[in-house]
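Chemist: Got a file for you: query_25.csv, CSV, C-alpha atoms.
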```csv
chain,number,residue,atom,x,y,z
A,93,MET,CA,7.2,-5.3,21.1
A,94,LYS,CA,10.8,-5.9,20.9
A,95,LYS,CA,13.4,-3.2,21.1
A,96,ALA,CA,15.1,-1.7,18.1
A,97,LYS,CA,18.6,-2.7,17.3
A,98,THR,CA,19.7,0.9,17.6
A,99,PRO,CA,18.2,2.4,20.8
A,100,THR,CA,18.7,6.0,19.7
A,101,ASP,CA,16.6,5.5,16.6
A,102,GLU,CA,13.0,6.1,17.7
A,103,ASP,CA,11.4,5.1,14.4
A,104,HIS,CA,12.4,1.6,13.7
A,105,LEU,CA,11.5,-1.4,11.7
A,106,MET,CA,9.3,-3.8,13.5
A,107,GLU,CA,11.0,-7.0,14.1
A,108,GLU,CA,9.3,-10.3,15.1
A,109,LEU,CA,6.1,-10.1,17.2
A,110,THR,CA,4.8,-12.4,19.9
A,111,LEU,CA,1.3,-13.8,19.8
A,112,HIS,CA,0.1,-11.2,22.2
A,113,GLU,CA,1.8,-8.4,20.2
A,114,LEU,CA,0.3,-9.7,16.9
A,115,CYS,CA,-3.2,-9.6,18.5
A,116,ARG,CA,-2.7,-6.0,19.5
A,117,PHE,CA,-1.3,-5.2,16.1
A,118,CYS,CA,-4.3,-6.6,14.3
A,119,ASP,CA,-6.8,-5.5,17.0
A,120,ALA,CA,-7.9,-9.1,17.2
A,121,ASP,CA,-8.2,-11.8,19.8
A,122,LYS,CA,-6.1,-14.9,20.2
A,123,ALA,CA,-8.7,-17.2,18.7
A,124,TRP,CA,-8.6,-15.2,15.5
A,125,VAL,CA,-4.8,-15.5,15.2
A,126,VAL,CA,-5.0,-19.2,16.0
A,127,GLU,CA,-7.5,-19.5,13.1
A,128,LEU,CA,-5.0,-17.8,10.8
A,129,ILE,CA,-2.4,-20.3,11.8
A,130,GLU,CA,-4.8,-23.2,11.3
A,131,HIS,CA,-5.5,-22.0,7.8
A,132,GLY,CA,-1.9,-21.5,7.0
A,133,VAL,CA,-2.2,-17.8,6.5
A,134,VAL,CA,0.6,-17.1,8.9
A,135,GLU,CA,3.3,-19.4,10.1
A,136,PRO,CA,4.8,-18.7,13.5
A,137,HIS,CA,8.3,-19.8,14.6
A,138,GLY,CA,8.5,-21.8,17.8
A,139,THR,CA,6.3,-24.4,19.3
A,140,GLY,CA,3.4,-23.6,21.6
A,141,GLU,CA,1.6,-20.3,22.0
A,142,ALA,CA,4.0,-18.9,24.6
A,143,GLU,CA,7.0,-19.3,22.2
A,144,TYR,CA,5.3,-18.2,19.0
A,145,SER,CA,7.0,-15.4,17.1
A,146,PHE,CA,5.8,-14.0,13.8
A,147,GLY,CA,8.1,-12.6,11.2
A,148,GLN,CA,7.5,-9.7,8.9
A,149,ILE,CA,5.8,-11.7,6.2
A,150,SER,CA,3.4,-13.2,8.7
A,151,VAL,CA,2.7,-9.8,10.2
A,152,LEU,CA,1.9,-8.3,6.8
A,153,ARG,CA,-0.3,-11.2,5.9
A,154,ALA,CA,-2.2,-11.0,9.2
A,155,ARG,CA,-2.8,-7.3,8.7
A,156,LYS,CA,-4.0,-7.8,5.2
A,157,ALA,CA,-6.3,-10.7,6.4
A,158,ARG,CA,-7.8,-8.3,9.0
A,159,ARG,CA,-8.5,-5.7,6.4
A,160,LEU,CA,-10.0,-8.1,3.9
A,161,GLU,CA,-12.3,-9.5,6.5
A,162,ARG,CA,-13.4,-6.1,7.8
A,163,ASP,CA,-13.7,-4.4,4.4
A,164,LEU,CA,-15.0,-7.2,2.1
A,165,GLY,CA,-16.6,-9.6,4.6
A,166,ILE,CA,-14.4,-12.6,3.5
A,167,ASN,CA,-14.3,-15.6,5.8
A,168,MET,CA,-11.1,-17.4,6.7
A,169,PRO,CA,-10.9,-20.0,3.9
A,170,GLY,CA,-11.7,-17.1,1.5
A,171,ILE,CA,-9.0,-14.9,3.0
A,172,ALA,CA,-6.4,-17.7,2.7
A,173,LEU,CA,-7.3,-18.3,-0.9
A,174,ALA,CA,-7.3,-14.5,-1.7
A,175,LEU,CA,-3.9,-13.9,-0.2
A,176,ASP,CA,-2.4,-16.9,-2.0
A,177,LEU,CA,-3.8,-15.8,-5.3
A,178,LEU,CA,-2.8,-12.2,-4.8
A,179,GLU,CA,0.8,-13.3,-4.0
A,180,GLU,CA,0.8,-15.5,-7.1
A,181,ARG,CA,-0.5,-12.6,-9.2
A,182,ASP,CA,2.2,-10.2,-7.8
A,183,HIS,CA,4.8,-12.8,-8.6
A,184,LEU,CA,3.6,-13.2,-12.2
A,185,ARG,CA,3.5,-9.4,-12.6
A,186,ARG,CA,7.1,-9.2,-11.4
A,187,LEU,CA,8.1,-11.8,-14.0
A,188,LEU,CA,6.3,-9.9,-16.7
A,189,GLY,CA,8.2,-6.8,-15.6
A,190,ARG,CA,11.4,-8.6,-16.1
A,191,PHE,CA,10.5,-9.2,-19.7
A,192,GLY,CA,9.5,-5.6,-20.1
A,193,LEU,CA,5.8,-6.5,-20.3
A,194,ALA,CA,4.6,-4.9,-17.0
A,195,SER,CA,1.0,-3.8,-17.3
B,117,MET,CA,-16.9,22.4,2.2
B,118,ASP,CA,-17.5,20.6,-1.1
B,119,TYR,CA,-20.7,18.7,-1.8
B,120,LYS,CA,-20.2,15.0,-2.4
B,121,ASP,CA,-22.5,13.2,-4.9
B,122,TYR,CA,-22.6,9.8,-3.2
B,123,TYR,CA,-24.9,8.3,-5.8
B,124,LYS,CA,-22.4,9.2,-8.5
B,125,THR,CA,-19.6,7.7,-6.5
B,126,LEU,CA,-21.4,4.4,-6.3
B,127,GLY,CA,-22.7,4.7,-9.8
B,128,VAL,CA,-26.3,4.2,-8.9
B,129,ASP,CA,-29.5,6.2,-9.5
B,130,ARG,CA,-31.0,8.3,-6.7
B,131,THR,CA,-33.9,5.9,-6.8
B,132,ALA,CA,-31.8,2.8,-6.2
B,133,THR,CA,-33.0,0.2,-3.6
B,134,GLN,CA,-30.8,-0.5,-0.5
B,135,ASP,CA,-29.9,-3.8,-2.1
B,136,GLU,CA,-28.7,-2.2,-5.3
B,137,ILE,CA,-26.6,0.2,-3.2
B,138,LYS,CA,-25.1,-2.6,-1.2
B,139,LYS,CA,-24.3,-4.5,-4.4
B,140,ALA,CA,-22.7,-1.5,-6.1
B,141,TYR,CA,-20.6,-0.8,-3.0
B,142,ARG,CA,-19.4,-4.4,-2.7
B,143,LYS,CA,-18.3,-4.4,-6.3
B,144,LEU,CA,-16.3,-1.2,-6.0
B,145,ALA,CA,-14.8,-2.3,-2.6
B,146,ARG,CA,-13.6,-5.6,-4.2
B,147,LYS,CA,-12.2,-3.8,-7.2
B,148,TYR,CA,-10.4,-0.9,-5.4
B,149,HIS,CA,-9.4,-2.5,-2.1
B,150,PRO,CA,-5.8,-1.4,-1.5
B,151,ASP,CA,-4.7,-4.9,-0.7
B,152,VAL,CA,-6.1,-6.1,-4.0
B,153,ASN,CA,-5.4,-3.2,-6.3
B,154,SER,CA,-2.0,-1.5,-6.1
B,155,ASP,CA,-2.8,1.2,-8.8
B,156,GLY,CA,-2.2,4.8,-7.7
B,157,GLY,CA,-5.7,6.0,-7.4
B,158,ALA,CA,-7.3,2.8,-6.0
B,159,ASP,CA,-6.8,3.7,-2.4
B,160,ALA,CA,-8.7,7.0,-2.9
B,161,ARG,CA,-11.5,5.3,-4.9
B,162,PHE,CA,-11.9,2.7,-2.1
B,163,LYS,CA,-12.2,5.4,0.5
B,164,GLU,CA,-14.7,7.4,-1.5
B,165,ALA,CA,-16.9,4.3,-2.0
B,166,GLY,CA,-16.7,3.5,1.8
B,167,GLU,CA,-17.7,7.0,2.6
B,168,ALA,CA,-20.6,7.0,0.1
B,169,PHE,CA,-21.8,3.6,1.5
B,170,ALA,CA,-21.5,4.8,5.1
B,171,VAL,CA,-24.2,7.3,4.2
B,172,LEU,CA,-26.3,5.6,1.5
B,173,GLY,CA,-26.1,2.2,3.1
B,174,ASP,CA,-27.8,3.5,6.2
B,175,ALA,CA,-31.5,4.3,5.7
B,176,GLU,CA,-31.6,7.1,8.2
B,177,LYS,CA,-28.5,8.8,6.9
B,178,ARG,CA,-29.6,8.3,3.3
B,179,ALA,CA,-32.9,10.0,4.0
B,180,ALA,CA,-31.0,12.9,5.7
B,181,TYR,CA,-28.6,13.1,2.7
B,182,ASP,CA,-31.5,13.1,0.2
B,183,GLU,CA,-33.0,16.1,2.1
B,184,LEU,CA,-29.9,18.1,1.3
B,185,GLY,CA,-31.0,18.0,-2.3
B,186,ALA,CA,-28.9,17.3,-5.4
B,187,GLU,CA,-25.6,19.0,-6.2
B,188,PRO,CA,-26.0,22.8,-6.3
B,189,GLN,CA,-25.6,24.5,-9.6
B,190,ARG,CA,-22.3,26.2,-9.0
B,191,GLY,CA,-20.1,23.1,-8.9
B,192,GLY,CA,-20.9,22.3,-5.3
B,193,GLN,CA,-18.1,24.3,-3.8
B,194,GLY,CA,-18.8,26.2,-0.6
B,195,PHE,CA,-21.7,23.9,0.1
B,196,ARG,CA,-23.9,24.7,3.1
B,197,PRO,CA,-26.7,22.4,4.3
B,198,PRO,CA,-30.2,23.9,4.4
B,199,PRO,CA,-31.1,25.8,7.6
B,200,ASN,CA,-32.2,23.5,10.5
B,201,TRP,CA,-30.8,20.4,8.7
B,202,GLU,CA,-28.1,19.9,11.3
B,203,GLN,CA,-30.5,20.4,14.3
B,204,SER,CA,-32.9,17.8,13.0
B,205,HIS,CA,-30.2,15.1,12.2
B,206,GLN,CA,-27.9,13.9,14.9
B,207,PHE,CA,-26.1,10.6,14.3
B,208,SER,CA,-25.2,8.9,17.4
B,209,ASP,CA,-23.5,5.8,16.0
B,210,PRO,CA,-20.0,6.2,14.6
B,211,PRO,CA,-20.0,4.7,11.1
B,212,GLN,CA,-19.0,1.1,11.0
B,213,GLY,CA,-18.3,-1.7,8.6
B,214,ALA,CA,-17.4,0.5,5.6
B,215,GLY,CA,-14.0,1.2,6.9
B,216,GLY,CA,-11.7,3.6,5.1
B,217,PRO,CA,-8.1,2.6,4.6
B,218,ASP,CA,-7.1,2.1,8.1
B,219,ASP,CA,-7.7,5.1,10.3
B,220,ALA,CA,-7.9,7.9,7.7
B,221,ALA,CA,-10.7,10.3,8.0
B,222,PHE,CA,-13.5,10.8,5.4
B,223,SER,CA,-14.1,14.1,3.6
B,224,ASP,CA,-15.1,17.4,5.3
B,225,PHE,CA,-18.6,17.0,3.9
B,226,PHE,CA,-19.0,13.7,5.7
B,227,GLU,CA,-17.2,14.6,8.9
B,228,ASN,CA,-19.2,17.8,9.4
B,229,LEU,CA,-22.6,16.5,8.5
B,230,PHE,CA,-22.6,12.8,9.3
B,231,ARG,CA,-20.1,12.3,12.1
B,232,SER,CA,-20.5,15.4,14.2
B,233,GLY,CA,-21.8,14.8,17.7
B,234,SER,CA,-21.0,11.2,17.8
B,235,ARG,CA,-20.0,9.9,21.1
B,236,ALA,CA,-18.2,6.7,21.8
B,237,GLU,CA,-20.2,4.5,24.2
B,238,GLY,CA,-19.0,3.7,27.6
B,239,GLN,CA,-16.2,6.3,27.7
B,240,SER,CA,-16.2,9.3,29.9
B,241,SER,CA,-13.6,12.0,30.6
B,242,ARG,CA,-13.0,10.5,34.1
B,243,MET,CA,-11.8,7.2,32.7
B,244,GLN,CA,-8.1,6.6,32.1
B,245,ALA,CA,-7.4,4.7,28.9
B,246,ALA,CA,-4.5,4.1,26.7
B,247,GLY,CA,-4.7,5.7,23.2
B,248,ARG,CA,-5.4,3.4,20.2
B,249,ASP,CA,-2.6,2.3,17.9
B,250,GLN,CA,-2.9,3.8,14.5
B,251,HIS,CA,-2.0,2.4,11.1
B,252,ALA,CA,-1.2,4.2,7.9
B,253,ARG,CA,0.6,3.5,4.7
B,254,VAL,CA,3.6,5.4,3.4
B,255,THR,CA,4.8,5.4,-0.2
B,256,LEU,CA,8.5,5.8,-0.7
B,257,ASP,CA,10.8,6.3,-3.6
B,258,ILE,CA,13.4,3.6,-4.0
B,259,GLY,CA,16.1,6.2,-3.3
B,260,ASP,CA,14.6,6.9,0.1
B,261,ALA,CA,14.7,3.2,0.9
B,262,PHE,CA,18.2,2.9,-0.4
B,263,ASN,CA,19.7,5.8,1.5
B,264,GLY,CA,17.3,6.3,4.4
B,265,ALA,CA,15.4,9.6,4.6
B,266,SER,CA,13.4,11.9,6.8
B,267,ARG,CA,9.8,12.6,6.0
B,268,VAL,CA,7.0,14.7,7.5
B,269,LEU,CA,3.6,13.1,7.1
B,270,THR,CA,0.4,15.0,7.5
B,271,MET,CA,-2.5,12.9,8.7
B,272,ARG,CA,-6.1,13.9,9.3
B,273,VAL,CA,-7.3,11.7,12.0
B,274,PRO,CA,-10.5,11.6,14.1
B,275,GLU,CA,-9.5,11.9,17.8
B,276,MET,CA,-11.5,11.6,20.9
B,277,ASP,CA,-11.4,14.9,22.9
B,278,ASP,CA,-11.7,15.1,26.7
B,279,ALA,CA,-15.5,15.0,26.5
B,280,GLY,CA,-15.4,11.8,24.5
B,281,ARG,CA,-16.4,13.5,21.3
B,282,LEU,CA,-14.8,12.7,18.0
B,283,VAL,CA,-13.0,15.6,16.5
B,284,LEU,CA,-10.9,15.9,13.3
B,285,LYS,CA,-7.4,17.0,13.7
B,286,ASP,CA,-4.5,17.6,11.4
B,287,ARG,CA,-1.3,16.0,12.8
B,288,SER,CA,2.2,16.3,11.4
B,289,VAL,CA,4.4,13.4,12.2
B,290,SER,CA,8.0,13.4,11.3
B,291,VAL,CA,9.5,10.0,10.6
B,292,LYS,CA,12.9,8.7,9.9
B,293,ILE,CA,12.9,6.2,7.1
B,294,PRO,CA,15.4,3.5,8.0
B,295,LYS,CA,18.0,2.7,5.4
B,296,GLY,CA,17.2,-0.6,3.6
B,297,VAL,CA,13.5,-0.7,4.4
B,298,ARG,CA,11.6,-3.1,2.1
B,299,GLU,CA,8.1,-3.2,0.8
B,300,GLY,CA,5.6,-4.6,3.3
B,301,GLN,CA,7.6,-3.8,6.3
B,302,HIS,CA,6.3,-1.7,9.2
B,303,ILE,CA,7.9,1.3,10.8
B,304,ARG,CA,6.8,1.8,14.3
B,305,LEU,CA,6.6,5.2,15.9
B,306,LYS,CA,6.2,4.8,19.6
B,307,GLY,CA,3.6,7.1,21.2
B,308,LYS,CA,2.6,8.7,17.9
B,309,GLY,CA,-0.8,7.1,17.7
B,310,SER,CA,-4.0,8.4,19.3
B,311,PRO,CA,-3.4,10.2,22.6
B,312,GLY,CA,-4.5,8.5,25.7
B,313,MET,CA,-7.4,9.7,27.9
B,314,GLY,CA,-7.2,10.9,31.4
B,315,GLY,CA,-3.4,10.6,31.5
B,316,GLY,CA,-3.3,7.2,29.8
B,317,PRO,CA,-0.3,6.5,27.5
B,318,ALA,CA,-0.6,7.3,23.8
B,319,GLY,CA,-0.9,4.5,21.2
B,320,ASP,CA,1.7,3.8,18.6
B,321,LEU,CA,1.7,4.7,14.9
B,322,PHE,CA,2.5,2.0,12.5
B,323,LEU,CA,3.5,2.8,8.9
B,324,GLU,CA,3.2,0.1,6.3
B,325,VAL,CA,5.8,0.7,3.6
B,326,ALA,CA,5.0,0.7,-0.1
B,327,PHE,CA,7.3,1.7,-3.0
B,328,ALA,CA,6.3,4.1,-5.8
B,329,PRO,CA,6.9,2.7,-9.2
B,330,HIS,CA,10.2,3.7,-10.7
B,331,PRO,CA,10.9,4.1,-14.4
B,332,THR,CA,14.2,2.3,-14.2
B,333,TYR,CA,14.3,0.1,-11.1
B,334,ARG,CA,12.0,-2.7,-10.2
B,335,ILE,CA,12.1,-4.2,-6.7
B,336,ASP,CA,11.6,-7.8,-5.8
B,337,GLY,CA,12.0,-8.2,-2.0
B,338,ARG,CA,15.5,-7.0,-1.4
B,339,ASP,CA,16.7,-7.4,-5.0
B,340,ILE,CA,16.6,-4.7,-7.6
B,341,TYR,CA,16.2,-5.3,-11.4
B,342,VAL,CA,17.3,-3.0,-14.1
B,343,ASP,CA,16.9,-3.3,-17.8
B,344,LEU,CA,20.3,-2.5,-19.2
B,345,PRO,CA,20.4,-1.5,-22.9
B,346,VAL,CA,23.5,-2.5,-24.8
B,347,ALA,CA,24.6,-2.0,-28.4
B,348,PRO,CA,24.9,-5.1,-30.6
B,349,TRP,CA,28.7,-4.8,-30.6
B,350,GLU,CA,28.8,-4.5,-26.8
B,351,ALA,CA,26.8,-7.7,-26.6
B,352,ALA,CA,28.9,-9.5,-29.2
B,353,LEU,CA,32.4,-8.4,-28.1
B,354,GLY,CA,31.8,-8.0,-24.4
B,355,GLY,CA,33.4,-5.4,-22.2
B,356,LYS,CA,32.8,-2.9,-19.5
B,357,VAL,CA,29.8,-0.5,-19.5
B,358,VAL,CA,28.7,1.9,-16.8
B,359,MET,CA,25.2,1.6,-15.5
B,360,PRO,CA,23.1,3.7,-13.0
B,361,THR,CA,22.1,2.1,-9.7
B,362,PRO,CA,20.3,3.7,-6.7
B,363,GLY,CA,23.7,3.8,-5.0
B,364,GLY,CA,25.4,5.6,-7.9
B,365,GLU,CA,27.0,4.5,-11.1
B,366,VAL,CA,28.8,1.2,-11.3
B,367,GLY,CA,30.9,-0.6,-13.9
B,368,ILE,CA,29.6,-3.9,-15.1
B,369,THR,CA,31.3,-6.4,-17.4
B,370,ILE,CA,29.3,-7.7,-20.3
B,371,PRO,CA,30.4,-11.3,-21.2
B,372,LYS,CA,31.2,-12.0,-24.9
B,373,ASN,CA,28.3,-13.1,-27.0
B,374,ALA,CA,25.8,-12.0,-24.4
B,375,ARG,CA,22.1,-12.7,-25.2
B,376,ALA,CA,19.1,-10.4,-24.9
B,377,GLY,CA,17.4,-11.1,-21.6
B,378,GLN,CA,20.5,-12.4,-20.0
B,379,LYS,CA,20.7,-11.6,-16.3
B,380,LEU,CA,24.0,-10.2,-14.8
B,381,ARG,CA,24.2,-10.2,-11.0
B,382,LEU,CA,25.9,-7.5,-9.0
B,383,LYS,CA,26.1,-9.0,-5.6
B,384,GLY,CA,25.2,-6.8,-2.6
B,385,ARG,CA,24.1,-3.9,-4.8
B,386,GLY,CA,20.4,-4.4,-4.0
B,387,LEU,CA,18.7,-2.8,-1.0
B,388,PRO,CA,21.1,-2.5,1.8
B,389,GLY,CA,20.7,-4.2,5.2
B,390,LYS,CA,22.1,-7.0,7.3
B,391,SER,CA,21.9,-9.3,4.3
B,392,ALA,CA,21.9,-6.8,1.4
B,393,GLY,CA,20.0,-7.7,-1.7
B,394,ASP,CA,21.5,-8.1,-5.2
B,395,LEU,CA,21.1,-6.0,-8.3
B,396,TYR,CA,20.3,-7.7,-11.6
B,397,ALA,CA,21.0,-6.1,-14.9
B,398,VAL,CA,18.7,-7.6,-17.6
B,399,LEU,CA,20.4,-7.1,-21.0
B,400,LYS,CA,18.4,-5.5,-23.7
B,401,ILE,CA,20.1,-5.3,-27.1
B,402,VAL,CA,19.3,-2.1,-28.9
B,403,ASN,CA,19.9,-1.8,-32.6
B,404,PRO,CA,21.2,1.5,-34.0
B,405,PRO,CA,19.2,2.6,-37.0
B,406,ALA,CA,21.2,3.0,-40.2
B,407,THR,CA,20.8,6.7,-40.9
B,408,THR,CA,24.1,7.5,-42.6
B,409,ASP,CA,26.0,6.1,-45.5
B,410,ALA,CA,28.8,4.9,-43.3
B,411,GLY,CA,26.2,3.1,-41.0
B,412,ARG,CA,24.5,1.5,-44.0
B,413,THR,CA,27.9,0.3,-45.3
B,414,LEU,CA,28.7,-1.3,-42.0
B,415,TYR,CA,25.4,-3.2,-42.0
B,416,GLU,CA,25.9,-4.2,-45.6
B,417,GLN,CA,29.3,-5.5,-44.7
B,418,MET,CA,27.9,-7.5,-41.8
B,419,ALA,CA,25.2,-8.9,-44.0
B,420,LYS,CA,27.7,-10.1,-46.5
B,421,GLU,CA,30.4,-11.4,-44.2
B,422,MET,CA,28.4,-13.0,-41.4
B,423,SER,CA,26.5,-16.1,-42.1
B,424,PHE,CA,23.7,-15.5,-39.7
B,425,ASP,CA,20.1,-16.6,-40.0
B,426,PRO,CA,18.0,-15.2,-37.1
B,427,ARG,CA,15.0,-17.4,-38.3
B,428,LYS,CA,16.9,-20.7,-38.3
B,429,ASN,CA,15.0,-22.2,-35.4
B,430,MET,CA,11.6,-21.2,-36.4
B,431,GLU,CA,9.3,-24.2,-36.7
B,432,THR,CA,6.3,-24.2,-39.0
```
Translate the structure of the given file into structure tokens.
Modeler:
Amino acid sequence: MKKAKTPTDEDHLMEELTLHELCRFCDADKAWVVELIEHGVVEPHGTGEAEYSFGQISVLRARKARRLERDLGINMPGIALALDLLEERDHLRRLLGRFGLAS
Amino acid sequence: MDYKDYYKTLGVDRTATQDEIKKAYRKLARKYHPDVNSDGGADARFKEAGEAFAVLGDAEKRAAYDELGAEPQRGGQGFRPPPNWEQSHQFSDPPQGAGGPDDAAFSDFFENLFRSGSRAEGQSSRMQAAGRDQHARVTLDIGDAFNGASRVLTMRVPEMDDAGRLVLKDRSVSVKIPKGVREGQHIRLKGKGSPGMGGGPAGDLFLEVAFAPHPTYRIDGRDIYVDLPVAPWEAALGGKVVMPTPGGEVGITIPKNARAGQKLRLKGRGLPGKSAGDLYAVLKIVNPPATTDAGRTLYEQMAKEMSFDPRKNMET
């Protein structure tokens, strides 16, 4: 994984991950990540697997996808739908919060 | 150790069929999954359900659990299994499927009775292998994210000892929270994951950042929202008021004839970072109650002198 911006700081925020690094991060194989891309769950920058890099939002979505698959047995189209709906729900909750109506 | 009533956790009878147990677990897992439910206690409920299902969902373990008998009379503390129970039940397979939240360990009750003696397949002390990466969640206050902080986390994690056996260990990990961290980001602690075997390198520890709810501030990505109460005259006449922010008090100018719900932006006062977020004050007009004669006189004077109909635009 890429080096931190400040080399003295041992604990650092993860920056972008390569395809190989994302596989390790999710404890998954390449085919699984490719499936994530095909279903639009994650969107890499760059063209071609060697150049792929995954930003923080993609990394978080991939990790969530792995957990939902492992814990709830959801398949890939289901994961894609669940993540989209959860994001929409969170967005609406934030809107409610802005009007003082947070649940 | 404390006795765990796994049937109660799943909300099923002791006579429930395996299908009923599976169904009850799936329902709870969906409801309390930490990626689905961000309420405070959901994470723990999900883990409890996973632990209960790891035992009751497996016919062999369930039979062994039933042999322990129902919860003892005295509240279940200081529970000891019946004599010879441990000798007659050895579980060779590490529990699978019903995963806890990432790598967290189950209760003492489970670890002592249902995990002891498990041995990972195909691994021996002679082999050299890198330690596994570990993942955990850390909940931060907004102030920690704003200013950066140091934290010591205690984690109970199952680790492989030199003989390839799973043992529970308490580990303290100190972590520096980088300033400006946002929800959903990961902090990487190199070499703080599971230790390697036979001299192999240790894995890394990854912390997924979540924010604890705050009574005043709401976070949206790198932006912070604050409800800012103002008096009717402050809203009408405009002027400077002082408001709290995570970075300390700041002055903000209320425009004349400001509306309730109006958003005022303080650029760069959100979470710090390469591109700092903004802070939004959402105006909330608060009416002072008329509790004194002088106050009542003022309201009466307003009622008389201002032609204002708040219900003008109501359609019927």
Chemist: Set the cut-off to 8 Å and count all atoms listed in the file: what are the residues of chain B that reach chain A? Output as a list in words.
Modeler: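 So the contacting residues turn out to be Arg142, Ala145, Arg146, Asp151, Val152, Gly213, Ala214, Gly215, Asp249, Val291, Lys292, Ile293, Pro294, Val297, Gly300, Gln301, His302, Ile303, Arg304, Leu305, Lys306, Arg334, Asp336, Tyr341, Asp343, Gly377 and Val398 of chain B.
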Chemist: Leaving out Glu135 in chain A and any residue of its chain fewer than 5 positions from it, which residues lie within 10 Å of it when counting only C-alpha atoms, given as a list in words?
Modeler: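 Using only C-alpha atoms, the neighbours found are Leu128, Ile129, Glu130, Tyr144, Ser145, Phe146, Gly147, Ile149, Ser150, Val151 and Arg153 of chain A.
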Chemist: Near range 159-162 of chain B, within 7 Å and counting all atoms listed in the file, which residues show up once chain neighbours fewer than 5 positions away are dropped, as a list in words?
Modeler: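 Within the cut-off, the hits are Ala145, Tyr148, His149 and Pro150 of chain B.
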Chemist: Please compute the CA of Arg253 in chain B-CA of Val325 in chain B distance, one decimal, in Å.
Modeler: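 So the answer is 6.0 Å.
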Chemist: Could you check how far CA of Phe226 in chain B sits from CA of Lys308 in chain B, in Å to one decimal?
Modeler: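 CA of Phe226 in chain B sits 25.3 Å away from CA of Lys308 in chain B.
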Chemist: Please determine an axis-aligned box that encloses all atoms of range 164-172 of chain A listed in the file, with 8 Å added on each side, and express its centre and edge lengths in Å to one decimal as lines of an AutoDock Vina configuration file.
Modeler:
```
center_x = -11.5
center_y = -13.6
center_z = 4.1
size_x = 26.2
size_y = 28.8
size_z = 21.2
```
Chemist: Near Tyr396 in chain B, within 7 Å and counting all atoms listed in the file, which residues show up once chain neighbours fewer than 2 positions away are dropped, as number ranges by chain?
Modeler: B: 340-342, 379-382, 394, 398
Chemist: Taking C-alpha atoms for each residue, export the selection above as a PDB file, in the frame of the given file.
Modeler:
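Writing the result to result10.pdb gives the following:
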```
ATOM      1  CA  ILE B 340      16.600  -4.700  -7.600  1.00  0.00           C
ATOM      2  CA  TYR B 341      16.200  -5.300 -11.400  1.00  0.00           C
ATOM      3  CA  VAL B 342      17.300  -3.000 -14.100  1.00  0.00           C
ATOM      4  CA  LYS B 379      20.700 -11.600 -16.300  1.00  0.00           C
ATOM      5  CA  LEU B 380      24.000 -10.200 -14.800  1.00  0.00           C
ATOM      6  CA  ARG B 381      24.200 -10.200 -11.000  1.00  0.00           C
ATOM      7  CA  LEU B 382      25.900  -7.500  -9.000  1.00  0.00           C
ATOM      8  CA  ASP B 394      21.500  -8.100  -5.200  1.00  0.00           C
ATOM      9  CA  VAL B 398      18.700  -7.600 -17.600  1.00  0.00           C
TER      10      VAL B 398
END
```
Chemist: Work out how far CA of Asp121 in chain B is from CA of Thr133 in chain B, in Å to one decimal.
Modeler: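 Spanning CA of Thr133 in chain B to CA of Asp121 in chain B is a straight-line distance of 16.8 Å.
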Chemist: Could you please give me, as a PyMOL selection string, the residues of protein, DNA or RNA lying at most 7 Å from (15.3, -9.6, -25.9) in the coordinate frame of the file, considering all atoms listed in the file?
Modeler: chain B and resi 376-377+400-401
Chemist: For Cys115 in chain A, which residue among A:Leu188, A:Ala154, A:Glu161, A:Ile166 is the nearest when counting only C-alpha atoms?
Modeler: A:Ala154
Chemist: Can we get range 153-167 of chain A of that structure written down with C-alpha atoms, as a compact mmCIF listing (two decimals), in the first residue's frame?
Modeler:
```
# COMPACT_ATOMS: atom_id res chain seq x y z
CA ARG A 153 -18.00 0.03 -0.29
CA ALA A 154 -15.89 -3.03 -1.14
CA ARG A 155 -15.37 -3.77 2.52
CA LYS A 156 -19.09 -3.40 3.26
CA ALA A 157 -19.89 -5.63 0.29
CA ARG A 158 -17.61 -8.32 1.69
CA ARG A 159 -19.26 -8.16 5.10
CA LEU A 160 -22.80 -8.21 3.68
CA GLU A 161 -21.90 -11.22 1.56
CA ARG A 162 -20.25 -13.07 4.44
CA ASP A 163 -22.75 -12.21 7.18
CA LEU A 164 -26.06 -12.11 5.32
CA GLY A 165 -25.36 -14.32 2.31
CA ILE A 166 -26.36 -11.65 -0.22
CA ASN A 167 -25.31 -12.14 -3.85
```
